[in-house]
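For reference, coords-v1.txt (compact mmCIF, C-alpha atoms):
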# COMPACT_ATOMS: atom_id res chain seq x y z
CA MET A 297 24.72 104.67 65.44
CA ILE A 298 26.58 105.42 62.23
CA THR A 299 28.72 102.58 60.90
CA LEU A 300 31.59 103.28 58.53
CA TYR A 301 32.58 100.42 56.25
CA SER A 302 35.98 100.88 54.68
CA TYR A 303 39.14 99.10 53.61
CA PRO A 304 41.64 97.84 56.21
CA GLY A 305 44.29 100.14 57.59
CA LEU A 306 48.01 100.18 56.83
CA TYR A 307 51.13 101.87 58.23
CA GLY A 308 49.22 102.92 61.33
CA LEU A 309 46.44 104.63 59.39
CA GLU A 310 42.81 103.71 59.92
CA ASP A 311 42.25 103.09 56.21
CA ASN A 312 44.68 102.50 53.36
CA ASN A 313 42.20 104.08 50.93
CA PRO A 314 42.14 107.90 50.87
CA TYR A 315 38.37 108.15 50.56
CA GLY A 316 37.73 105.89 53.54
CA LEU A 317 40.27 107.82 55.60
CA LYS A 318 38.56 111.03 54.50
CA ILE A 319 35.23 109.88 55.97
CA TYR A 320 36.92 108.61 59.12
CA ALA A 321 38.57 112.01 59.58
CA PHE A 322 35.35 113.89 58.82
CA LEU A 323 33.40 111.91 61.42
CA LYS A 324 36.15 112.50 63.98
CA LEU A 325 36.41 116.23 63.24
CA CYS A 326 32.64 116.58 63.66
CA ARG A 327 32.74 114.53 66.87
CA LEU A 328 30.07 112.17 65.58
CA PRO A 329 30.06 108.77 67.31
CA PHE A 330 30.44 105.89 64.89
CA ASP A 331 31.45 102.28 64.59
CA HIS A 332 34.25 101.50 62.14
CA ARG A 333 34.26 98.16 60.36
CA HIS A 334 37.01 97.12 57.99
CA THR A 335 36.05 94.99 55.04
CA LEU A 336 37.02 93.96 51.53
CA ASP A 337 33.45 92.96 50.67
CA VAL A 338 31.74 95.43 48.35
CA GLN A 339 28.63 93.35 47.64
CA SER A 340 26.53 95.29 50.16
CA ALA A 341 28.02 98.65 49.21
CA PRO A 342 26.09 101.22 47.18
CA ARG A 343 27.59 101.34 43.67
CA GLY A 344 29.79 98.39 44.69
CA GLN A 345 32.41 100.71 46.19
CA LEU A 346 34.01 101.43 49.54
CA PRO A 347 33.72 103.41 51.71
CA TYR A 348 30.07 103.60 52.63
CA ILE A 349 28.12 104.27 55.79
CA ALA A 350 25.07 102.67 57.31
CA ASP A 351 22.79 104.96 59.28
CA GLY A 352 19.64 103.25 60.41
CA ASP A 353 18.08 101.68 57.33
CA GLN A 354 20.08 103.84 54.94
CA ARG A 355 23.23 102.90 53.06
CA ILE A 356 25.15 105.82 51.59
CA GLY A 357 28.19 105.54 49.34
CA ASP A 358 30.59 107.98 47.62
CA SER A 359 32.61 110.13 49.99
CA ASP A 360 31.18 113.45 48.80
CA VAL A 361 27.63 112.15 49.03
CA ILE A 362 28.36 110.80 52.52
CA VAL A 363 29.69 114.18 53.69
CA ALA A 364 26.66 116.00 52.24
CA TYR A 365 24.29 113.53 53.89
CA LEU A 366 25.96 113.81 57.31
CA LYS A 367 25.94 117.62 57.17
CA ARG A 368 22.23 117.63 56.37
CA GLN A 369 21.16 114.81 58.67
CA TYR A 370 23.06 115.99 61.75
CA ASP A 371 23.00 119.77 61.20
CA LEU A 372 26.78 119.92 61.07
CA THR A 373 28.26 123.41 61.01
CA ILE A 374 31.82 122.50 60.03
CA ASP A 375 31.61 124.42 56.72
CA ASP A 376 29.09 127.11 57.65
CA GLY A 377 31.66 129.91 57.63
CA LEU A 378 32.80 129.37 54.05
CA THR A 379 32.30 132.11 51.50
CA PRO A 380 30.88 131.30 48.05
CA GLN A 381 34.40 131.56 46.64
CA GLN A 382 35.74 129.15 49.24
CA ARG A 383 32.95 126.68 48.48
CA GLY A 384 33.96 126.80 44.84
CA LEU A 385 37.59 126.25 45.75
CA ASP A 386 36.55 123.36 47.99
CA LEU A 387 35.01 121.68 44.94
CA LEU A 388 38.10 122.27 42.80
CA VAL A 389 40.39 120.84 45.50
CA ARG A 390 38.23 117.72 45.71
CA ARG A 391 38.42 117.33 41.95
CA ALA A 392 42.22 117.62 42.09
CA LEU A 393 42.24 114.90 44.75
CA ASP A 394 40.15 112.69 42.46
CA ASP A 395 42.92 113.08 39.89
CA LEU A 396 45.62 112.41 42.48
CA TYR A 397 43.85 109.20 43.47
CA TRP A 398 44.78 107.50 40.21
CA VAL A 399 48.46 108.37 40.59
CA MET A 400 48.50 107.12 44.19
CA SER A 401 46.83 103.89 43.19
CA TYR A 402 49.18 103.45 40.23
CA SER A 403 52.21 103.85 42.50
CA ARG A 404 51.03 101.01 44.73
CA TRP A 405 49.60 98.48 42.33
CA ARG A 406 51.12 99.15 38.91
CA ASP A 407 54.66 100.42 39.37
CA ASP A 408 57.00 97.44 39.68
CA ARG A 409 59.42 99.50 41.78
CA TYR A 410 56.92 99.99 44.62
CA TRP A 411 54.48 97.11 44.26
CA PRO A 412 56.66 94.58 46.17
CA VAL A 413 56.89 96.90 49.22
CA PHE A 414 53.16 97.60 49.18
CA ARG A 415 52.36 93.91 48.72
CA LYS A 416 54.60 92.88 51.62
CA ALA A 417 53.09 95.52 53.90
CA LEU A 418 49.58 94.28 53.17
CA LEU A 419 50.47 90.62 53.67
CA ASP A 420 52.41 91.32 56.88
CA THR A 421 49.68 93.53 58.35
CA HIS A 422 46.69 91.47 57.25
CA PRO A 423 47.44 87.73 57.43
CA ASP A 424 43.87 86.94 56.31
CA VAL A 425 44.66 88.48 52.92
CA THR A 426 46.18 85.96 50.52
CA PRO A 427 48.78 86.51 47.78
CA GLU A 428 46.21 85.22 45.29
CA GLN A 429 43.70 87.88 46.34
CA LEU A 430 46.31 90.59 45.92
CA GLU A 431 47.34 89.36 42.50
CA ALA A 432 43.70 89.29 41.39
CA ALA A 433 43.25 92.83 42.70
CA ARG A 434 46.39 93.94 40.90
CA GLN A 435 45.22 92.57 37.57
CA TYR A 436 41.83 94.21 38.09
CA ASN A 437 43.55 97.53 38.75
CA PHE A 438 45.63 97.15 35.59
CA GLN A 439 42.35 97.09 33.65
CA ARG A 440 41.05 100.14 35.54
CA TYR A 441 44.19 102.13 34.77
CA HIS A 442 43.98 101.21 31.09
CA TYR A 443 40.35 102.28 30.70
CA GLN A 444 40.77 105.38 32.85
CA GLY A 445 43.76 106.31 30.72
CA ILE A 446 46.59 106.64 33.19
CA GLY A 447 47.71 103.09 32.46
CA ARG A 448 48.70 104.28 28.97
CA TYR A 449 51.13 106.88 30.33
CA ALA A 450 54.85 106.45 30.85
CA PRO A 451 55.63 106.29 34.60
CA ASP A 452 57.37 109.67 34.65
CA ASP A 453 54.30 111.26 33.08
CA VAL A 454 52.03 109.59 35.63
CA TYR A 455 53.99 111.04 38.55
CA ALA A 456 54.31 114.46 36.93
CA ARG A 457 50.53 114.63 37.00
CA GLY A 458 50.34 113.76 40.70
CA VAL A 459 53.19 116.09 41.65
CA ALA A 460 51.38 118.92 39.85
CA ASP A 461 48.28 118.22 41.98
CA LEU A 462 50.32 118.35 45.18
CA GLU A 463 52.10 121.53 44.18
CA VAL A 464 48.83 123.33 43.46
CA ILE A 465 47.37 122.20 46.78
CA SER A 466 50.51 123.38 48.57
CA SER A 467 50.23 126.77 46.86
CA LEU A 468 46.55 127.12 47.80
CA LEU A 469 47.22 126.14 51.41
CA GLY A 470 50.03 128.65 51.83
CA ASP A 471 50.84 129.38 55.47
CA ASN A 472 47.37 128.50 56.74
CA PRO A 473 47.18 125.60 59.22
CA PHE A 474 44.07 124.44 57.37
CA MET A 475 42.79 125.23 53.89
CA PHE A 476 40.45 128.04 54.89
CA GLY A 477 41.95 129.33 58.12
CA PRO A 478 42.59 128.31 61.71
CA ASN A 479 39.91 125.61 61.93
CA PRO A 480 39.58 122.43 59.86
CA GLY A 481 36.71 121.97 57.44
CA SER A 482 35.47 119.06 55.39
CA VAL A 483 38.03 119.85 52.68
CA ASP A 484 40.78 119.24 55.25
CA ALA A 485 39.37 115.79 55.99
CA GLY A 486 39.65 115.05 52.28
CA LEU A 487 43.18 116.40 52.09
CA TYR A 488 44.19 114.34 55.10
CA GLY A 489 42.83 111.16 53.52
CA PHE A 490 45.28 111.63 50.66
CA LEU A 491 48.26 113.32 52.31
CA ALA A 492 48.40 110.82 55.17
CA ASN A 493 48.17 107.93 52.72
CA ILE A 494 51.30 109.27 51.07
CA TYR A 495 53.30 110.76 53.92
CA PHE A 496 52.98 107.95 56.48
CA TYR A 497 53.72 105.18 54.01
CA ALA A 498 57.22 103.69 54.05
CA ILE A 499 57.22 103.77 50.25
CA ASP A 500 59.46 106.40 48.72
CA THR A 501 57.46 107.29 45.64
CA PRO A 502 57.82 110.58 43.76
CA LEU A 503 54.57 111.62 45.44
CA LYS A 504 56.07 111.15 48.90
CA GLN A 505 59.25 112.94 47.89
CA CYS A 506 57.22 115.92 46.72
CA LEU A 507 54.98 115.98 49.77
CA ALA A 508 57.87 115.66 52.22
CA SER A 509 59.56 118.64 50.56
CA ARG A 510 56.51 120.86 51.11
CA ARG A 511 56.60 121.89 54.74
CA ASN A 512 53.03 123.18 54.74
CA LEU A 513 51.62 119.88 53.46
CA VAL A 514 53.47 117.95 56.16
CA SER A 515 52.26 120.42 58.80
CA HIS A 516 48.69 120.14 57.55
CA CYS A 517 48.84 116.35 57.66
CA ASN A 518 50.12 116.35 61.24
CA ALA A 519 47.69 119.08 62.33
CA VAL A 520 44.65 117.16 61.12
CA ARG A 521 45.93 113.97 62.71
CA ALA A 522 46.27 115.82 66.02
CA GLU A 523 42.68 117.07 65.71
CA LEU A 524 41.34 113.54 65.37
CA GLY A 525 42.13 112.86 69.01
For the structure just supplied, provide its representation as structure tokens.
Amino acid sequence: MITLYSYPGLYGLEDNNPYGLKIYAFLKLCRLPFDHRHTLDVQSAPRGQLPYIADGDQRIGDSDVIVAYLKRQYDLTIDDGLTPQQRGLDLLVRRALDDLYWVMSYSRWRDDRYWPVFRKALLDTHPDVTPEQLEAARQYNFQRYHYQGIGRYAPDDVYARGVADLEVISSLLGDNPFMFGPNPGSVDAGLYGFLANIYFYAIDTPLKQCLASRRNLVSHCNAVRAELG
């Protein structure tokens, strides 16, 4: 049995981290049975990061590595119909999501306008999480943002970067229900991990305002959620 280890959920989502929700969605789309365990402990995680999966004696981390492993190990056909061009676009979309991650994270932990709402939601939903733990996590994230570079931007410039990512994704998606046609692929699991973690949050960031104004992104988010069953 596959076990997915990921961060706790929030706002009705199974994981408040986009990469963990991506793997959750991928497993569901592929109809692979799995056990889902929420944790904050990264000591047993490969590379010290969540999410990761345990499959027998193996521990696999990094969402892209997990997807590649599951495809190979279980002969998954979810992406078999992609053309070489679509596979290249899949990679570029995932790289754009990696960029979007930093803006999402910044909006929750760094921006003083939205941090109190995010903090309250975590404390109300997870009474085992303490204010001290959250403050320590916030200070740790401040350091990450500084060294990554986004922490040196003005807030408007941070959000302009994330909005640009969303607008490009919206343009690529067009009128398709999923990125590459009528059926979801692994790229759609990745998109859902991010879009759902913006759209379903009761935090009115510039990212949510942009997403909510793009009908196709909202439709995609809801369509993937419906597929999860």
Item checked: Distance in Å - atom CA of A:Tyr301 versus atom CA of A:Val483 ->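 Spanning atom CA of A:Tyr301 to atom CA of A:Val483 is a straight-line distance of 20.5 Å.
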Item checked: Shortest interatomic distance to A:Leu468 - which of A:His334, A:Asn512, A:Val520, A:Tyr348, counting all atoms listed in the file ->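 Using all atoms listed in the file, the shortest distance to A:Leu468 belongs to A:Asn512.
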Checklist line | Residue contacts of A:Gln505 (12 Å, only C-alpha atoms) excluding same-chain residues fewer than 3 positions away, as a list in words | finding: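 Contacts, in chain order: Tyr455, Gly458, Val459, Leu462, Glu463, Leu491, Ile494, Tyr495, Phe496, Tyr497, Ala498, Ile499, Asp500, Thr501, Pro502, Ala508, Ser509, Arg510, Arg511, Leu513 and Val514 of chain A.
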Notebook entry, point to check: With distances taken over only C-alpha atoms, which of A:Trp405, A:Phe414, A:Phe474, A:Tyr370 is nearest to A:Gln435?
Noted result: A:Trp405
Next item on the list: Would you mind listing what lies within 10 Å of A:Leu387 as number ranges by chain, with only C-alpha atoms counted and same-chain residues fewer than 5 positions away left out?
Entry: A: 360, 382, 392-393, 483
Next item on the list: Please measure the separation of atom CA of A:Tyr488 and atom CA of A:Cys517, giving the value in Å to one decimal.
Entry: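 Atom CA of A:Cys517 lies 5.7 Å from atom CA of A:Tyr488.
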Item checked: Nearest-residue call for A:Asp337, choices A:Arg434, A:His516, A:Tyr303, A:Ala417, using all atoms listed in the file ->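 Using all atoms listed in the file, A:Asp337 sits closest to A:Tyr303.
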Note to self: Please determine, counting only C-alpha atoms, which residue among A:Gly470, A:Gly357, A:Gly384, A:Gly447 has the shortest atom-to-atom distance to A:Ser401.
What the structure shows: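 Using only C-alpha atoms, A:Ser401 sits closest to A:Gly447.
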